[in-house]
Amino acid sequence: MNGKPIIFSSEMVRALLGGRKTQTRRVMKDQPDDFIRCVQTGRYHPTIVDKDGIEGPGEEVFGAWDDGGEWSLKAPYKPGDLLWVRETWGINHTDYCTGIIPKERPEDVHDDQMVYFFTEDDPEIQTEMPKRPSIHMPRWASRLTLRVTNVRAERLQDISEDDARAEGVRKGEIRGHTLWSGRDTERPTLPSARQAFLDHIWTDLYGEHETKSVGANPWVWVYEFEVIRENIDRVTSTNPRQ
């Protein structure tokens with residue numbers, strides 16, 4: 001199993017490490033037509049057209065489709081996949097602090113020299129050390145692996161209270177009342193986890209985007225996963241059946 005990369009924001013990386021986040025929602029690249037109301041998820045054979053114009057079943061894939069057979073979409077990830085998390089990072093080593101990123105992990109770079117800025121406590125490192133963007137993190141530098149346990153499709157606003165909690169919102173209690181927040185920088189003040197997810201986590205990502213905002217209510221992939229606090233290559237090397 002090769003594994004695939006996935007990017008998370010700073011707050012969501014902290015939620016993964018804190019055990020609060022076991023789900024993530026990602027907007028479907030191709031949205032179902034407006035008239036489609038029911039979507040199923042699982043393995044199916046998409047219809048393909050051969051060189052003679054004859055329709056037939058293609059190779060089996062995992063994804064979503066509508067009951068009427070008008071629309072289908074292969075899922076980027078499926079149950080059983082291992083995903084390696086990309087985040088803002090660096091190497092506290094004079095030879096690799098800046099410059100070209102090595103394709104393979106250098107033998108002289110040790111675990112305690114890896115810097116992950118979302119959880120780095122040293123103020124000098126935070127302010128002085130160059131940050132490498134998450135999109136440029138190679139597989140060998142990742143410290144978190146997610147094992148996908150379930151995938152489904154739904155409209156964004158259909159998220160339940162329990163699922164919103166699994167998205168990593170923070171819980172607090174003020175004068176006997178349970179309150180929620182989707183931002184590390186704000187104390188919990190919202191009455192529901194669902195509102196904290198939609199108003200904070202999702203809106204911080206997409207704002208008033210025409211097709212991705214809360215108001216647009218797009219179809220999303222819902223990925224449930226197990227968090228493994230190890231590099232993916234260490235996970236696969238200790239699980240030969242992967």
# chains A, B, ... in the order shown; residues from 1 in each chain; ligands from 1

$ select_by_dssp --residues "region 47-184 of chain A" --states "strand (DSSP E or B)" --output "JSON, numbers by chain"
{"A": [47, 48, 49, 55, 56, 57, 61, 62, 63, 64, 65, 66, 72, 73, 74, 82, 83, 84, 85, 86, 89, 90, 91, 114, 115, 116, 132, 145, 146, 147, 148, 149, 150, 151, 152, 153, 154, 155, 167, 170, 171, 172, 173, 174, 177, 178, 179, 180, 181]}

$ residues_around --residues "Ala64 (chain A)" --least-positions-apart "3" --cutoff "10 Å" --atoms "only C-alpha atoms" --output "number ranges by chain"
A: 32, 39-44, 61, 67, 71-75, 151-153, 221

$ write_last_selection --atoms "all heavy atoms" --output "short mmCIF file (atom, residue, chain, number, x, y, z; two decimals), in the first residue's frame"
data_model
loop_
_atom_site.label_atom_id
_atom_site.label_comp_id
_atom_site.auth_asym_id
_atom_site.auth_seq_id
_atom_site.Cartn_x
_atom_site.Cartn_y
_atom_site.Cartn_z
N PRO A 32 -22.79 16.52 -7.58
CA PRO A 32 -24.00 15.99 -8.23
C PRO A 32 -24.89 17.14 -8.70
O PRO A 32 -24.82 18.25 -8.17
CB PRO A 32 -24.68 15.19 -7.11
CG PRO A 32 -23.60 14.94 -6.10
CD PRO A 32 -22.68 16.10 -6.17
N VAL A 39 -27.54 9.82 -2.46
CA VAL A 39 -26.26 9.34 -2.97
C VAL A 39 -25.80 8.16 -2.13
O VAL A 39 -25.84 8.21 -0.90
CB VAL A 39 -25.19 10.46 -2.94
CG1 VAL A 39 -23.81 9.90 -3.23
CG2 VAL A 39 -25.54 11.55 -3.95
N GLN A 40 -25.38 7.09 -2.78
CA GLN A 40 -24.85 5.92 -2.09
C GLN A 40 -23.33 5.87 -2.24
O GLN A 40 -22.77 6.41 -3.18
CB GLN A 40 -25.47 4.64 -2.67
CG GLN A 40 -26.98 4.57 -2.53
CD GLN A 40 -27.52 3.26 -3.03
OE1 GLN A 40 -27.03 2.19 -2.65
NE2 GLN A 40 -28.51 3.30 -3.91
N THR A 41 -22.70 5.18 -1.30
CA THR A 41 -21.24 5.07 -1.31
C THR A 41 -20.83 3.61 -1.20
O THR A 41 -21.40 2.86 -0.40
CB THR A 41 -20.62 5.86 -0.14
OG1 THR A 41 -21.14 7.18 -0.15
CG2 THR A 41 -19.10 5.94 -0.28
N GLY A 42 -19.86 3.21 -1.98
CA GLY A 42 -19.37 1.83 -1.93
C GLY A 42 -18.61 1.50 -3.20
O GLY A 42 -18.14 2.39 -3.92
N ARG A 43 -18.50 0.23 -3.48
CA ARG A 43 -17.80 -0.21 -4.70
C ARG A 43 -18.81 -0.36 -5.83
O ARG A 43 -19.92 -0.84 -5.63
CB ARG A 43 -17.08 -1.53 -4.44
CG ARG A 43 -15.95 -1.40 -3.40
CD ARG A 43 -15.11 -2.65 -3.30
NE ARG A 43 -14.01 -2.47 -2.37
CZ ARG A 43 -12.85 -1.90 -2.68
NH1 ARG A 43 -12.66 -1.47 -3.92
NH2 ARG A 43 -11.90 -1.76 -1.79
N TYR A 44 -18.41 0.07 -7.01
CA TYR A 44 -19.29 -0.03 -8.16
C TYR A 44 -18.45 -0.09 -9.44
O TYR A 44 -17.24 0.16 -9.43
CB TYR A 44 -20.27 1.15 -8.22
CG TYR A 44 -19.61 2.47 -8.53
CD1 TYR A 44 -19.60 2.99 -9.83
CD2 TYR A 44 -18.98 3.22 -7.53
CE1 TYR A 44 -18.99 4.20 -10.12
CE2 TYR A 44 -18.37 4.43 -7.81
CZ TYR A 44 -18.38 4.91 -9.11
OH TYR A 44 -17.76 6.11 -9.39
N VAL A 61 -14.44 0.37 -8.83
CA VAL A 61 -13.82 1.45 -8.08
C VAL A 61 -14.63 1.68 -6.81
O VAL A 61 -15.76 1.18 -6.66
CB VAL A 61 -13.75 2.76 -8.89
CG1 VAL A 61 -12.92 2.58 -10.15
CG2 VAL A 61 -15.15 3.26 -9.25
N ASP A 67 -29.01 7.15 -7.20
CA ASP A 67 -29.91 6.02 -7.46
C ASP A 67 -30.32 5.92 -8.92
O ASP A 67 -30.58 4.83 -9.44
CB ASP A 67 -31.16 6.14 -6.58
CG ASP A 67 -30.87 5.76 -5.13
OD1 ASP A 67 -29.80 5.16 -4.88
OD2 ASP A 67 -31.70 6.07 -4.25
N TRP A 71 -25.19 10.03 -12.19
CA TRP A 71 -23.94 10.64 -11.71
C TRP A 71 -23.17 9.64 -10.87
O TRP A 71 -23.74 8.83 -10.13
CB TRP A 71 -24.28 11.86 -10.87
CG TRP A 71 -23.11 12.46 -10.13
CD1 TRP A 71 -22.26 13.43 -10.58
CD2 TRP A 71 -22.66 12.13 -8.81
NE1 TRP A 71 -21.31 13.72 -9.62
CE2 TRP A 71 -21.54 12.94 -8.52
CE3 TRP A 71 -23.10 11.23 -7.84
CZ2 TRP A 71 -20.84 12.86 -7.32
CZ3 TRP A 71 -22.41 11.15 -6.64
CH2 TRP A 71 -21.30 11.97 -6.39
N SER A 72 -21.85 9.67 -10.98
CA SER A 72 -20.99 8.87 -10.12
C SER A 72 -19.63 9.55 -10.02
O SER A 72 -19.26 10.36 -10.87
CB SER A 72 -20.83 7.43 -10.65
OG SER A 72 -20.14 7.43 -11.88
N LEU A 73 -18.90 9.21 -8.97
CA LEU A 73 -17.60 9.85 -8.75
C LEU A 73 -16.72 8.92 -7.92
O LEU A 73 -17.14 8.44 -6.87
CB LEU A 73 -17.78 11.19 -8.02
CG LEU A 73 -16.50 12.01 -7.78
CD1 LEU A 73 -15.90 12.47 -9.10
CD2 LEU A 73 -16.83 13.21 -6.89
N LYS A 74 -15.52 8.68 -8.39
CA LYS A 74 -14.55 7.88 -7.64
C LYS A 74 -14.05 8.70 -6.45
O LYS A 74 -13.75 9.88 -6.56
CB LYS A 74 -13.37 7.49 -8.53
CG LYS A 74 -12.33 6.63 -7.85
CD LYS A 74 -11.19 6.29 -8.80
CE LYS A 74 -10.11 5.47 -8.10
NZ LYS A 74 -8.99 5.15 -9.02
N ALA A 75 -13.94 8.06 -5.28
CA ALA A 75 -13.47 8.73 -4.07
C ALA A 75 -11.94 8.81 -4.08
O ALA A 75 -11.27 7.85 -4.46
CB ALA A 75 -13.95 8.00 -2.82
N VAL A 151 -15.94 5.69 4.72
CA VAL A 151 -16.12 6.81 3.80
C VAL A 151 -17.59 6.88 3.42
O VAL A 151 -18.22 5.85 3.14
CB VAL A 151 -15.28 6.64 2.51
CG1 VAL A 151 -15.48 7.84 1.58
CG2 VAL A 151 -13.81 6.46 2.84
N ARG A 152 -18.14 8.08 3.43
CA ARG A 152 -19.51 8.27 2.96
C ARG A 152 -19.64 9.65 2.34
O ARG A 152 -18.73 10.48 2.44
CB ARG A 152 -20.52 8.10 4.10
CG ARG A 152 -20.45 9.15 5.18
CD ARG A 152 -21.51 8.88 6.25
NE ARG A 152 -21.62 9.95 7.23
CZ ARG A 152 -20.84 10.11 8.29
NH1 ARG A 152 -19.89 9.21 8.53
NH2 ARG A 152 -21.02 11.12 9.11
N ALA A 153 -20.76 9.90 1.69
CA ALA A 153 -21.01 11.19 1.05
C ALA A 153 -22.26 11.81 1.65
O ALA A 153 -23.25 11.11 1.92
CB ALA A 153 -21.19 11.01 -0.45
N TRP A 221 -17.08 14.55 0.85
CA TRP A 221 -16.65 13.23 1.30
C TRP A 221 -16.44 13.30 2.81
O TRP A 221 -15.80 14.24 3.30
CB TRP A 221 -15.34 12.82 0.65
CG TRP A 221 -15.37 12.62 -0.83
CD1 TRP A 221 -14.77 13.40 -1.78
CD2 TRP A 221 -16.02 11.56 -1.56
NE1 TRP A 221 -15.01 12.90 -3.03
CE2 TRP A 221 -15.78 11.77 -2.92
CE3 TRP A 221 -16.79 10.46 -1.15
CZ2 TRP A 221 -16.27 10.92 -3.91
CZ3 TRP A 221 -17.28 9.61 -2.14
CH2 TRP A 221 -17.02 9.83 -3.49
#

$ closest_residue --among "A:Gly176, A:Gly58, A:Pro133, A:Pro138" --to "Lys103 (chain A)" --atoms "only C-alpha atoms"
A:Pro138

$ residues_around --residues "Pro5 (chain A)" --least-positions-apart "6" --cutoff "7 Å" --atoms "only C-alpha atoms" --output "PyMOL selection string"
chain A and resi 83-86

$ closest_residue --among "A:Arg147, A:Gln113, A:Leu82, A:Ala196" --to "Arg170 (chain A)" --atoms "only C-alpha atoms"
A:Ala196

$ select_by_dssp --residues "region 69-167 of chain A" --states "helix (DSSP H, G or I)" --output "ChimeraX atom specification"
/A:111-113,117-119,123-128,134-136,139-141,156-158,161-166

$ closest_residue --among "A:Pro79, A:Pro191, A:Gly99, A:Gly63" --to "Leu146 (chain A)" --atoms "only C-alpha atoms"
A:Pro79
